[in-house]
$ cat run_26.txt   # compact mmCIF, C-alpha atoms
# COMPACT_ATOMS: atom_id res chain seq x y z
CA MET A 25 -27.54 9.20 -20.36
CA THR A 26 -24.66 8.94 -22.79
CA GLU A 27 -24.07 12.67 -22.39
CA ILE A 28 -23.68 12.32 -18.63
CA VAL A 29 -21.21 9.47 -19.12
CA SER A 30 -19.17 11.47 -21.61
CA ILE A 31 -19.15 14.49 -19.27
CA ILE A 32 -17.88 12.30 -16.44
CA ALA A 33 -15.23 10.85 -18.74
CA ASN A 34 -14.14 14.34 -19.77
CA ILE A 35 -13.90 15.46 -16.14
CA LEU A 36 -11.78 12.39 -15.38
CA VAL A 37 -9.51 13.17 -18.34
CA ILE A 38 -9.06 16.75 -17.14
CA LEU A 39 -8.32 15.67 -13.58
CA PHE A 40 -5.74 13.10 -14.65
CA LEU A 41 -4.04 15.53 -17.05
CA LEU A 42 -3.85 18.22 -14.36
CA ALA A 43 -2.49 15.79 -11.78
CA GLY A 44 0.12 14.49 -14.23
CA ALA A 45 1.25 17.98 -15.22
CA PHE A 46 1.41 18.99 -11.56
CA PHE A 47 3.60 16.03 -10.62
CA ILE A 48 5.96 16.59 -13.56
CA VAL A 49 6.33 20.29 -12.68
CA SER A 50 6.95 19.28 -9.06
CA ALA A 51 9.68 16.93 -10.23
CA ALA A 52 11.35 19.75 -12.14
CA VAL A 53 11.13 22.11 -9.14
CA GLY A 54 12.50 19.37 -6.89
CA VAL A 55 15.47 18.79 -9.19
CA VAL A 56 16.33 22.49 -8.87
CA ARG A 57 15.71 22.80 -5.13
CA PHE A 58 17.22 19.67 -3.59
CA PRO A 59 20.80 19.78 -2.29
CA ASP A 60 22.54 16.77 -3.90
CA LEU A 61 22.27 14.13 -6.59
CA TYR A 62 20.56 11.46 -4.49
CA THR A 63 17.74 13.67 -3.25
CA ARG A 64 17.29 14.94 -6.80
CA LEU A 65 16.97 11.34 -7.95
CA HIS A 66 14.16 10.98 -5.42
CA ALA A 67 12.28 13.84 -7.05
CA SER A 68 12.87 12.84 -10.64
CA SER A 69 12.21 9.12 -10.32
CA LYS A 70 9.05 9.18 -8.21
CA ALA A 71 7.23 12.26 -9.36
CA SER A 72 7.90 11.69 -13.03
CA THR A 73 6.73 8.07 -12.85
CA LEU A 74 3.37 9.02 -11.41
CA GLY A 75 3.10 12.10 -13.63
CA VAL A 76 3.63 10.24 -16.88
CA SER A 77 1.36 7.43 -15.69
CA CYS A 78 -1.41 9.92 -14.93
CA ILE A 79 -1.13 11.45 -18.40
CA LEU A 80 -1.22 8.01 -20.03
CA VAL A 81 -4.31 7.07 -17.99
CA ALA A 82 -5.94 10.29 -19.21
CA GLY A 83 -5.10 9.29 -22.79
CA PHE A 84 -6.56 5.83 -22.21
CA ILE A 85 -9.85 7.22 -20.87
CA TYR A 86 -10.07 9.75 -23.71
CA LEU A 87 -9.49 7.18 -26.44
CA TYR A 88 -12.07 4.88 -24.86
CA SER A 89 -14.79 7.48 -24.38
CA ALA A 90 -14.33 9.46 -27.59
CA HIS A 91 -13.32 6.77 -30.10
CA ALA A 92 -14.26 3.52 -28.31
CA ILE A 93 -10.69 2.25 -28.62
CA VAL A 94 -9.35 0.09 -25.80
CA SER A 95 -5.74 1.19 -26.05
CA GLY A 96 -3.55 -1.58 -24.71
CA LYS A 97 -0.44 0.38 -25.67
CA MET A 98 -1.15 2.96 -22.99
CA LEU A 99 -1.42 0.31 -20.27
CA LEU A 100 1.75 -1.39 -21.49
CA ALA A 101 3.56 1.96 -21.50
CA ILE A 102 2.52 2.53 -17.86
CA LEU A 103 3.74 -0.95 -16.93
CA PHE A 104 7.12 -0.46 -18.57
CA ILE A 105 7.62 3.02 -17.13
CA MET A 106 6.96 1.61 -13.66
CA LEU A 107 9.43 -1.21 -14.32
CA THR A 108 12.24 0.81 -15.89
CA ASN A 109 12.19 4.13 -14.02
CA PRO A 110 13.29 2.75 -10.63
CA VAL A 111 15.97 0.65 -12.32
CA SER A 112 17.45 3.69 -14.05
CA ALA A 113 17.35 5.64 -10.78
CA HIS A 114 19.12 2.77 -9.04
CA MET A 115 21.81 2.63 -11.73
CA LEU A 116 22.34 6.41 -11.62
CA GLY A 117 22.65 6.36 -7.84
CA ARG A 118 25.08 3.47 -7.88
CA ALA A 119 27.20 4.98 -10.63
CA ALA A 120 27.29 8.31 -8.79
CA HIS A 121 28.34 6.62 -5.56
CA ALA A 122 30.99 4.58 -7.36
CA SER A 123 32.45 7.71 -8.94
CA GLY A 124 32.81 9.30 -5.51
CA ILE A 125 29.90 11.72 -5.18
CA LYS A 126 29.26 12.13 -1.46
CA PRO A 127 25.66 12.33 -0.28
CA PHE A 128 24.63 15.51 1.49
CA THR A 129 24.16 14.59 5.15
CA LYS A 130 24.56 16.56 8.33
CA ASN A 131 25.98 13.76 10.47
CA ARG A 132 27.62 11.62 7.77
CA SER A 133 25.17 8.73 7.78
CA ASP A 134 26.34 6.77 4.74
CA ALA A 135 26.15 3.03 5.39
CA TYR A 136 27.18 2.13 1.85
CA ALA A 137 30.47 4.01 2.05
CA ASP A 138 31.19 2.38 5.42
CA ALA A 139 30.50 -1.08 4.02
CA MET A 140 32.74 -0.45 1.01
CA LYS A 141 35.52 0.77 3.31
CA ASN A 142 35.22 -2.34 5.49
CA GLN A 143 35.41 -4.56 2.44
CA ARG A 144 38.48 -2.79 1.12
CA MET A 145 40.19 -3.12 4.50
CA LYS A 146 39.39 -6.81 4.59
CA SER A 147 40.78 -7.48 1.13
CA GLU A 148 44.04 -5.66 1.86
CA MET B 29 -0.31 -25.35 -9.53
CA ALA B 30 0.32 -26.24 -13.18
CA PHE B 31 -1.79 -29.38 -12.68
CA GLN B 32 -4.74 -27.31 -11.46
CA ILE B 33 -4.50 -24.94 -14.42
CA VAL B 34 -4.49 -27.90 -16.83
CA VAL B 35 -7.54 -29.41 -15.12
CA ASN B 36 -9.27 -26.06 -15.33
CA LEU B 37 -8.53 -25.76 -19.06
CA ILE B 38 -9.80 -29.30 -19.67
CA ILE B 39 -13.06 -28.47 -17.87
CA ALA B 40 -13.43 -25.36 -20.01
CA VAL B 41 -12.88 -27.29 -23.28
CA MET B 42 -15.34 -29.97 -22.11
CA TRP B 43 -17.91 -27.29 -21.41
CA THR B 44 -17.61 -25.87 -24.95
CA PHE B 45 -18.04 -29.39 -26.38
CA LEU B 46 -21.02 -30.17 -24.14
CA SER B 47 -22.83 -26.93 -24.92
CA GLU B 48 -21.88 -27.27 -28.64
CA SER B 49 -21.14 -23.59 -29.07
CA TYR B 50 -17.47 -23.07 -29.90
CA THR B 51 -17.16 -19.41 -28.97
CA ALA B 52 -14.95 -17.47 -26.63
CA SER B 53 -17.84 -16.66 -24.31
CA SER B 54 -18.76 -20.30 -23.72
CA PHE B 55 -15.08 -21.11 -23.14
CA ILE B 56 -14.94 -18.37 -20.50
CA THR B 57 -18.14 -19.70 -18.91
CA GLY B 58 -16.57 -23.14 -18.78
CA TYR B 59 -13.39 -21.73 -17.28
CA LEU B 60 -15.34 -19.95 -14.55
CA LEU B 61 -17.26 -23.15 -13.84
CA GLY B 62 -13.93 -24.95 -13.61
CA VAL B 63 -12.71 -22.40 -11.08
CA LEU B 64 -15.86 -22.98 -9.05
CA LEU B 65 -15.44 -26.76 -9.22
CA LEU B 66 -11.78 -26.59 -8.21
CA PHE B 67 -12.71 -24.32 -5.35
CA LEU B 68 -15.42 -26.68 -4.12
CA LEU B 69 -13.19 -29.74 -4.47
CA ARG B 70 -10.00 -28.07 -3.19
CA ARG B 71 -9.70 -30.60 -0.36
CA PHE B 72 -9.20 -33.43 -2.84
CA VAL B 73 -6.92 -31.66 -5.31
CA PRO B 74 -3.19 -31.67 -4.47
CA GLY B 75 -1.56 -28.32 -3.73
CA LYS B 76 -2.90 -24.95 -2.72
CA PHE B 77 -5.85 -23.47 -4.61
CA TYR B 78 -4.05 -21.68 -7.44
CA LEU B 79 -6.21 -18.55 -7.48
CA LYS B 80 -4.87 -17.78 -4.01
CA ARG B 81 -1.58 -16.86 -5.61
CA PHE B 82 -3.42 -14.81 -8.23
CA ILE B 83 -5.18 -12.90 -5.45
CA SER B 84 -1.89 -12.24 -3.66
CA ILE B 85 -0.40 -10.89 -6.92
CA LEU B 86 -3.40 -8.58 -7.28
CA SER B 87 -3.05 -7.34 -3.71
CA LEU B 88 0.66 -6.74 -4.33
CA ILE B 89 -0.18 -4.54 -7.33
CA LEU B 90 -2.80 -2.60 -5.36
CA LEU B 91 -0.34 -2.07 -2.49
CA PHE B 92 2.22 -0.81 -5.00
CA LEU B 93 -0.19 1.72 -6.55
CA LYS B 94 -1.24 2.99 -3.12
CA GLU B 95 2.36 3.44 -2.03
CA LEU B 96 3.22 5.19 -5.32
CA VAL B 97 0.54 7.84 -4.80
CA LEU B 98 1.47 8.29 -1.11
CA SER B 99 5.15 8.67 -1.97
CA ASN B 100 4.38 11.36 -4.51
CA LEU B 101 2.30 13.33 -2.04
CA GLU B 102 5.18 13.15 0.45
CA MET B 103 7.62 14.17 -2.28
CA VAL B 104 5.48 17.20 -3.06
CA LYS B 105 5.55 18.09 0.64
CA TYR B 106 9.36 17.98 0.62
CA ILE B 107 9.62 19.90 -2.64
CA TYR B 108 7.49 22.86 -1.61
CA GLY B 109 8.31 22.69 2.10
CA LYS B 110 11.12 24.29 4.09
CA LYS B 111 14.60 23.48 2.89
CA ASP B 112 16.24 22.32 6.12
CA LYS B 113 13.43 19.97 7.11
CA ALA B 114 14.88 16.92 5.38
CA GLU B 115 17.89 15.06 6.79
CA PRO B 116 18.99 12.68 4.02
CA GLY B 117 21.35 9.75 4.40
CA ILE B 118 22.07 6.17 3.32
CA PHE B 119 21.16 3.22 5.55
CA SER B 120 21.51 -0.52 5.05
CA LEU B 121 18.52 -2.85 4.98
CA PRO B 122 19.11 -6.52 5.80
CA LEU B 123 17.36 -8.74 3.25
CA ASP B 124 15.26 -11.83 3.95
CA VAL B 125 14.42 -12.50 0.30
CA LYS B 126 17.11 -14.47 -1.46
CA SER B 127 16.65 -14.95 -5.20
CA SER B 128 17.81 -12.17 -7.48
CA TRP B 129 14.48 -11.35 -9.03
CA GLU B 130 12.85 -11.02 -5.62
CA ILE B 131 15.57 -8.53 -4.72
CA THR B 132 14.98 -6.67 -7.99
CA LEU B 133 11.27 -6.44 -7.25
CA LEU B 134 11.93 -5.26 -3.71
CA ALA B 135 14.40 -2.61 -4.92
CA ASN B 136 11.85 -1.33 -7.43
CA PHE B 137 9.23 -1.16 -4.69
CA ILE B 138 11.56 0.69 -2.36
CA THR B 139 12.39 3.26 -5.01
CA LEU B 140 8.75 4.03 -5.69
CA THR B 141 7.68 4.27 -2.04
CA PRO B 142 7.70 7.24 0.32
CA GLY B 143 11.08 8.80 1.05
CA THR B 144 13.34 5.92 0.04
CA LEU B 145 15.53 5.13 -2.98
CA SER B 146 17.57 1.98 -3.45
CA VAL B 147 21.20 2.80 -4.25
CA ALA B 148 23.10 -0.50 -4.28
CA VAL B 149 23.05 -4.17 -3.38
CA SER B 150 25.95 -5.59 -1.38
CA LYS B 151 28.20 -8.15 -3.08
CA ASP B 152 26.76 -11.19 -1.25
CA SER B 153 23.24 -9.78 -1.80
CA SER B 154 22.44 -9.88 1.91
CA GLU B 155 21.99 -6.14 2.29
CA LEU B 156 20.34 -3.41 0.31
CA PHE B 157 21.65 0.13 0.64
CA VAL B 158 18.80 2.60 0.66
CA HIS B 159 18.95 6.38 0.46
CA ALA B 160 16.31 7.97 2.68
CA MET B 161 15.00 11.52 2.59
CA ASN B 162 14.73 11.53 6.36
CA ILE B 163 17.28 9.39 8.18
CA ASP B 164 15.74 10.06 11.61
CA THR B 165 12.83 7.70 11.02
CA VAL B 166 14.98 4.83 9.72
CA GLU B 167 13.83 2.28 12.30
CA ASP B 168 10.19 2.79 11.34
CA GLU B 169 11.15 2.72 7.67
CA ILE B 170 12.94 -0.63 7.96
CA ARG B 171 10.05 -2.13 9.90
CA ALA B 172 7.51 -0.85 7.37
CA ILE B 173 9.45 -2.29 4.42
CA LYS B 174 9.91 -5.64 6.18
CA ASP B 175 6.28 -5.92 7.28
CA THR B 176 4.58 -4.84 4.07
CA PHE B 177 6.70 -5.38 0.97
CA GLU B 178 8.90 -8.30 1.86
CA LYS B 179 5.89 -10.13 3.25
CA ALA B 180 3.79 -9.41 0.17
CA ILE B 181 6.59 -10.48 -2.21
CA MET B 182 7.16 -13.70 -0.27
CA GLU B 183 3.42 -14.36 -0.40
CA VAL B 184 3.68 -14.36 -4.18
CA THR B 185 6.92 -16.27 -4.63
CA ARG B 186 6.64 -18.93 -1.95

$ encode --input "run_26.txt" --output "structure tokens"
Amino acid sequence: MTEIVSIIANILVILFLLAGAFFIVSAAVGVVRFPDLYTRLHASSKASTLGVSCILVAGFIYLYSAHAIVSGKMLLAILFIMLTNPVSAHMLGRAAHASGIKPFTKNRSDAYADAMKNQRMKSE
Amino acid sequence: MAFQIVVNLIIAVMWTFLSESYTASSFITGYLLGVLLLFLLRRFVPGKFYLKRFISILSLILLFLKELVLSNLEMVKYIYGKKDKAEPGIFSLPLDVKSSWEITLLANFITLTPGTLSVAVSKDSSELFVHAMNIDTVEDEIRAIKDTFEKAIMEVTR
């Protein structure tokens, strides 16, 4: 019985590790392939969040099944990655827009730039 | 809500005293009994039953995890798909939530959900500027965000 449980745990660990590695590689490929900074931010923020979370979940399951340690650090790390990653992406996007990097669009749909222009016209 | 939690804690402490076993497990038993009592007597206790808020927080977390996985699958589709399929752009999302930490939560949610990334908040914090992978489906996107996330966040905070 315990053998079956440990086999299932090992399979889960393998699946989570593979999924995490796949998402991180996808993030790297996306950063190379996408046309501008904002779309690259999409790739790096989302895929890396889930990728790292998957690997941490795999670590949690492994520590529990092999050493009977309930590793709270892993869960906290997942929580903080999910809290901080979107914030850093937001800050990068805002800083890029403020320093004048234009988003890649075919028909110039950039509501933020329009709003900033309106504001500047109002204040003048 | 604070009143109900205090009542629940008092019931739990009373239970440990009545059963004369001062262990964590009997405290937890007492706490669960207190939850049951508060649930049965919820008509006579002021305020909403406080576990309702707990349940809405849980459902918010589950929604978040589901959207995170979906967004990654969509991202993978974009990454390995044809190059000219995506039509990115920035659109503005009018906000119903008011306080700053609600907006922070919503922005985090938007960033980790399919095809959208929050870029900036307007000065009077009435609009959120969101970068979308596919600007053609913006109307659906805005409706989805309004119906699911803003509603779920308001459920927790109000």

$ closest_residue --input "run_26.txt" --among "B:Ile181, B:Asp168, B:Pro122, B:Met103" --to "chain A" --atoms "all atoms listed in the file"
B:Met103

$ interface_residues --input "run_26.txt" --of "chain B" --to "chain A" --cutoff "7 Å" --atoms "all atoms listed in the file" --output "MDAnalysis selection string"
chainID B and resid 100 103:104 107 115:120 136 139:140 145:148 157 161

$ write_last_selection --input "run_26.txt" --atoms "C-alpha atoms" --output "PDB file, in the frame of the given file"
ATOM      1  CA  ASN B 100       4.380  11.360  -4.510  1.00  0.00           C
ATOM      2  CA  MET B 103       7.620  14.170  -2.280  1.00  0.00           C
ATOM      3  CA  VAL B 104       5.480  17.200  -3.060  1.00  0.00           C
ATOM      4  CA  ILE B 107       9.620  19.900  -2.640  1.00  0.00           C
ATOM      5  CA  GLU B 115      17.890  15.060   6.790  1.00  0.00           C
ATOM      6  CA  PRO B 116      18.990  12.680   4.020  1.00  0.00           C
ATOM      7  CA  GLY B 117      21.350   9.750   4.400  1.00  0.00           C
ATOM      8  CA  ILE B 118      22.070   6.170   3.320  1.00  0.00           C
ATOM      9  CA  PHE B 119      21.160   3.220   5.550  1.00  0.00           C
ATOM     10  CA  SER B 120      21.510  -0.520   5.050  1.00  0.00           C
ATOM     11  CA  ASN B 136      11.850  -1.330  -7.430  1.00  0.00           C
ATOM     12  CA  THR B 139      12.390   3.260  -5.010  1.00  0.00           C
ATOM     13  CA  LEU B 140       8.750   4.030  -5.690  1.00  0.00           C
ATOM     14  CA  LEU B 145      15.530   5.130  -2.980  1.00  0.00           C
ATOM     15  CA  SER B 146      17.570   1.980  -3.450  1.00  0.00           C
ATOM     16  CA  VAL B 147      21.200   2.800  -4.250  1.00  0.00           C
ATOM     17  CA  ALA B 148      23.100  -0.500  -4.280  1.00  0.00           C
ATOM     18  CA  PHE B 157      21.650   0.130   0.640  1.00  0.00           C
ATOM     19  CA  MET B 161      15.000  11.520   2.590  1.00  0.00           C
TER      20      MET B 161
END

$ atom_distance --input "run_26.txt" --atom1 "atom CA of B:Ile173" --atom2 "atom CA of B:Ile138"
7.7 Å

$ residues_around --input "run_26.txt" --residues "B:Tyr78" --least-positions-apart "3" --cutoff "7 Å" --atoms "all atoms listed in the file" --output "PDB file with C-alpha atoms, keeping the file's coordinate frame"
ATOM      1  CA  MET B  29      -0.310 -25.350  -9.530  1.00  0.00           C
ATOM      2  CA  GLN B  32      -4.740 -27.310 -11.460  1.00  0.00           C
ATOM      3  CA  ARG B  81      -1.580 -16.860  -5.610  1.00  0.00           C
ATOM      4  CA  PHE B  82      -3.420 -14.810  -8.230  1.00  0.00           C
TER       5      PHE B  82
END

$ atom_distance --input "run_26.txt" --atom1 "atom CA of B:Leu123" --atom2 "atom CA of B:Leu156"
6.8 Å

$ residues_around --input "run_26.txt" --residues "A:Ala45" --least-positions-apart "3" --cutoff "8 Å" --atoms "all atoms listed in the file" --output "PDB file with C-alpha atoms, in the coordinates of the input"
ATOM      1  CA  LEU A  41      -4.040  15.530 -17.050  1.00  0.00           C
ATOM      2  CA  LEU A  42      -3.850  18.220 -14.360  1.00  0.00           C
ATOM      3  CA  ILE A  48       5.960  16.590 -13.560  1.00  0.00           C
ATOM      4  CA  VAL A  49       6.330  20.290 -12.680  1.00  0.00           C
ATOM      5  CA  GLY A  75       3.100  12.100 -13.630  1.00  0.00           C
ATOM      6  CA  ILE A  79      -1.130  11.450 -18.400  1.00  0.00           C
TER       7      ILE A  79
END

$ closest_residue --input "run_26.txt" --among "A:Gly96, A:Gly44, A:Ile38, A:Ser123" --to "A:Phe84" --atoms "all atoms listed in the file"
A:Gly96

$ residues_around --input "run_26.txt" --residues "A:Val81" --least-positions-apart "5" --cutoff "12 Å" --atoms "only C-alpha atoms" --output "list in words"
Ala33, Leu36, Val37, Ile38, Leu39, Phe40, Leu41, Leu42, Ala43, Gly44, Leu74, Gly75, Val76, Tyr86, Leu87, Tyr88, Val94, Ser95, Gly96, Lys97, Met98, Leu99, Leu100, Ala101, Ile102 and Leu103 of chain A

$ residues_around --input "run_26.txt" --residues "B:Ile39" --least-positions-apart "3" --cutoff "6 Å" --atoms "all atoms listed in the file" --output "PDB file with C-alpha atoms, keeping the file's coordinate frame"
ATOM      1  CA  ASN B  36      -9.270 -26.060 -15.330  1.00  0.00           C
ATOM      2  CA  MET B  42     -15.340 -29.970 -22.110  1.00  0.00           C
ATOM      3  CA  GLY B  62     -13.930 -24.950 -13.610  1.00  0.00           C
TER       4      GLY B  62
END

$ atom_distance --input "run_26.txt" --atom1 "atom CA of A:Ile105" --atom2 "atom CA of B:Pro142"
18.0 Å

$ residues_near_point --input "run_26.txt" --point "(-0.2, -26.3, -10.8)" --cutoff "9 Å" --atoms "only C-alpha atoms" --output "JSON, numbers by chain"
{"B": [29, 30, 31, 32, 33, 34, 74, 75, 76, 77, 78]}

$ write_last_selection --input "run_26.txt" --atoms "C-alpha atoms" --output "PDB file, keeping the file's coordinate frame"
ATOM      1  CA  MET B  29      -0.310 -25.350  -9.530  1.00  0.00           C
ATOM      2  CA  ALA B  30       0.320 -26.240 -13.180  1.00  0.00           C
ATOM      3  CA  PHE B  31      -1.790 -29.380 -12.680  1.00  0.00           C
ATOM      4  CA  GLN B  32      -4.740 -27.310 -11.460  1.00  0.00           C
ATOM      5  CA  ILE B  33      -4.500 -24.940 -14.420  1.00  0.00           C
ATOM      6  CA  VAL B  34      -4.490 -27.900 -16.830  1.00  0.00           C
ATOM      7  CA  PRO B  74      -3.190 -31.670  -4.470  1.00  0.00           C
ATOM      8  CA  GLY B  75      -1.560 -28.320  -3.730  1.00  0.00           C
ATOM      9  CA  LYS B  76      -2.900 -24.950  -2.720  1.00  0.00           C
ATOM     10  CA  PHE B  77      -5.850 -23.470  -4.610  1.00  0.00           C
ATOM     11  CA  TYR B  78      -4.050 -21.680  -7.440  1.00  0.00           C
TER      12      TYR B  78
END

$ residues_around --input "run_26.txt" --residues "B:Met182" --least-positions-apart "6" --cutoff "10 Å" --atoms "all atoms listed in the file" --output "list in words"
Ser84, Asp124, Val125 and Glu130 of chain B

$ axis_aligned_box --input "run_26.txt" --around "stretch 41-55 of chain A" --padding-each-side "6 Å" --output "AutoDock Vina command-line options"
--center_x 5.7 --center_y 18.3 --center_z -12.0 --size_x 31.5 --size_y 19.6 --size_z 22.2
